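One structure below.
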Amino acid sequence: MTRLTFALSTMALVLLPWFAQACDFTPVRIVQSVGKVGDITVNFGEADDAQHPTAWQGPLQISVGGAPACPVSDEVSIIEDPVILAGDVLYVPTYSGSNNYLYAVDVKTCKVIWHSSHFAGKTVLKKGRLFAGKDEVVVDRQCRPSGPGGK
């Protein structure tokens with residue numbers, strides 16, 4: 001086996017688990033003010049329009065497996081689509097004026113574990129990758145943000 005072949009084989013063995021355990025980003029379908037994915041239920045609070053909502057004021061509340069809902073920090077408000085679930089992390093885009101933020105919330109504790117710096121544009125899920133404006137959100141194997149941010 002040549003050194004190049006050996007090096008490539010070794011690299012493939014090291015990287016394979018990382019690729020095999022990529023996060024599955026699942027958009028949360030919101031009906032009026034409630035979203036549900038598996039055993040996770042999210043209440044988004046008051047909608048801007050009862051018939052065709054595009055934003056929710058909060059307060060954001062999360063329930064797992066039928067347990068009582070826990071509230072998320074009030075800083076996570078004026079929520080817009082797409083809200084994304086990855087593992088035990090709920091990615092919640094918000095805006096205030098022209099400033100957009102993306103929050104990562106642990107669904108089991110309802111704690112904000114990370115937030116992006118402010119950005120212009122929308123949060124987008126594209127080809128299995130999550131973007132806050134133009135910047136990709138880098139996540140670890142547990143689907144938790146591992147890149148720069150505000151927290």
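Residue numbering restarts at 1 in every chain; chains get A, B, ... in the order shown in the structure tokens, and ligands count up from 1 in that same order.
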
For the helix (DSSP H, G or I) assignment from backbone DSSP, which residues of range 15-119 of chain A qualify? Please present them as a ChimeraX atom specification. /A:15-20

Give me every strand (DSSP E or B) residue in range 6-126 of chain A, going by DSSP on the backbone, as number ranges by chain. A: 26-27, 30-31, 34-37, 40-43, 45, 47, 55-56, 58, 61-64, 70-71, 79-80, 84-86, 89-96, 99-106, 112-115, 119, 123-126

Write a file of the selected residues as a JSON list (two decimals), in the first residue's frame, keeping C-alpha atoms.
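Writing done, so here's result-v4.json:
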[["chain", "number", "residue", "atom", "x", "y", "z"],
["A", 26, "THR", "CA", -36.05, 18.88, 11.04],
["A", 27, "PRO", "CA", -38.27, 21.91, 10.39],
["A", 30, "ILE", "CA", -46.26, 25.35, 13.20],
["A", 31, "VAL", "CA", -50.06, 25.25, 13.14],
["A", 34, "VAL", "CA", -48.15, 25.20, 18.23],
["A", 35, "GLY", "CA", -45.45, 23.02, 16.68],
["A", 36, "LYS", "CA", -44.84, 19.33, 17.22],
["A", 37, "VAL", "CA", -41.98, 17.00, 16.26],
["A", 40, "ILE", "CA", -41.68, 17.50, 21.57],
["A", 41, "THR", "CA", -44.40, 20.16, 21.63],
["A", 42, "VAL", "CA", -43.59, 23.84, 21.30],
["A", 43, "ASN", "CA", -46.00, 26.68, 22.04],
["A", 45, "GLY", "CA", -47.33, 32.26, 21.99],
["A", 47, "ALA", "CA", -49.27, 34.93, 16.47],
["A", 55, "ALA", "CA", -44.28, 35.61, 13.46],
["A", 56, "TRP", "CA", -45.00, 34.79, 17.09],
["A", 58, "GLY", "CA", -43.79, 34.24, 22.64],
["A", 61, "GLN", "CA", -42.71, 27.08, 25.96],
["A", 62, "ILE", "CA", -41.47, 23.53, 25.37],
["A", 63, "SER", "CA", -42.84, 20.20, 26.56],
["A", 64, "VAL", "CA", -41.11, 16.84, 26.06],
["A", 70, "CYS", "CA", -41.11, 24.93, 30.67],
["A", 71, "PRO", "CA", -40.64, 28.54, 29.57],
["A", 79, "ILE", "CA", -40.01, 34.30, 16.41],
["A", 80, "GLU", "CA", -40.21, 33.49, 12.71],
["A", 84, "ILE", "CA", -35.54, 23.75, 13.34],
["A", 85, "LEU", "CA", -35.07, 20.75, 15.65],
["A", 86, "ALA", "CA", -31.75, 18.89, 15.62],
["A", 89, "VAL", "CA", -31.63, 21.44, 20.27],
["A", 90, "LEU", "CA", -34.31, 23.77, 18.97],
["A", 91, "TYR", "CA", -32.98, 26.48, 16.63],
["A", 92, "VAL", "CA", -35.22, 29.53, 16.87],
["A", 93, "PRO", "CA", -34.83, 32.53, 14.53],
["A", 94, "THR", "CA", -35.93, 35.90, 15.89],
["A", 95, "TYR", "CA", -35.85, 39.49, 14.74],
["A", 96, "SER", "CA", -36.10, 42.99, 16.11],
["A", 99, "ASN", "CA", -31.47, 42.69, 13.39],
["A", 100, "ASN", "CA", -31.93, 38.94, 13.19],
["A", 101, "TYR", "CA", -30.68, 36.43, 15.74],
["A", 102, "LEU", "CA", -30.68, 32.65, 15.87],
["A", 103, "TYR", "CA", -31.05, 31.01, 19.29],
["A", 104, "ALA", "CA", -30.22, 27.43, 20.23],
["A", 105, "VAL", "CA", -32.42, 26.12, 23.04],
["A", 106, "ASP", "CA", -31.96, 22.83, 24.89],
["A", 112, "VAL", "CA", -30.68, 29.14, 25.78],
["A", 113, "ILE", "CA", -27.32, 27.46, 25.11],
["A", 114, "TRP", "CA", -26.14, 29.75, 22.31],
["A", 115, "HIS", "CA", -27.17, 32.62, 20.12],
["A", 119, "PHE", "CA", -27.18, 39.16, 11.08],
["A", 123, "THR", "CA", -32.38, 31.72, 8.67],
["A", 124, "VAL", "CA", -32.31, 29.08, 5.93],
["A", 125, "LEU", "CA", -32.11, 25.29, 5.86],
["A", 126, "LYS", "CA", -30.39, 24.31, 2.62]]

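When only C-alpha atoms are used to compute distances to Arg129 in chain A, the closest of the residues A:Ser117, A:Cys143, A:Ser98, A:Gln51 turns out to be A:Cys143.
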
What gap, in Å, lies between CA of Gly147 in chain A and CA of Cys110 in chain A? 20.6 Å

Using Å and a single decimal, report how far CA of Pro59 in chain A sits from CA of Val72 in chain A.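 The value is 7.0 Å.
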
Distance query Gln142 in chain A at most 7 Å, only C-alpha atoms, self and fewer than 2 positions along chain excluded, as a list in words: Gly87, Asp140 and Arg144 of chain A

A:Asp39, A:Thr54, A:Cys23, A:Lys122: which is nearest Ala67 in chain A, counting only C-alpha atoms?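 Of A:Asp39, A:Thr54, A:Cys23, A:Lys122, the one nearest Ala67 in chain A, counting only C-alpha atoms, is A:Asp39.
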
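Shortest separation to Val107 in chain A among A:Asp88, A:Pro53, A:Leu130, A:Arg141 occurs at residue A:Asp88, atoms counted being only C-alpha atoms.
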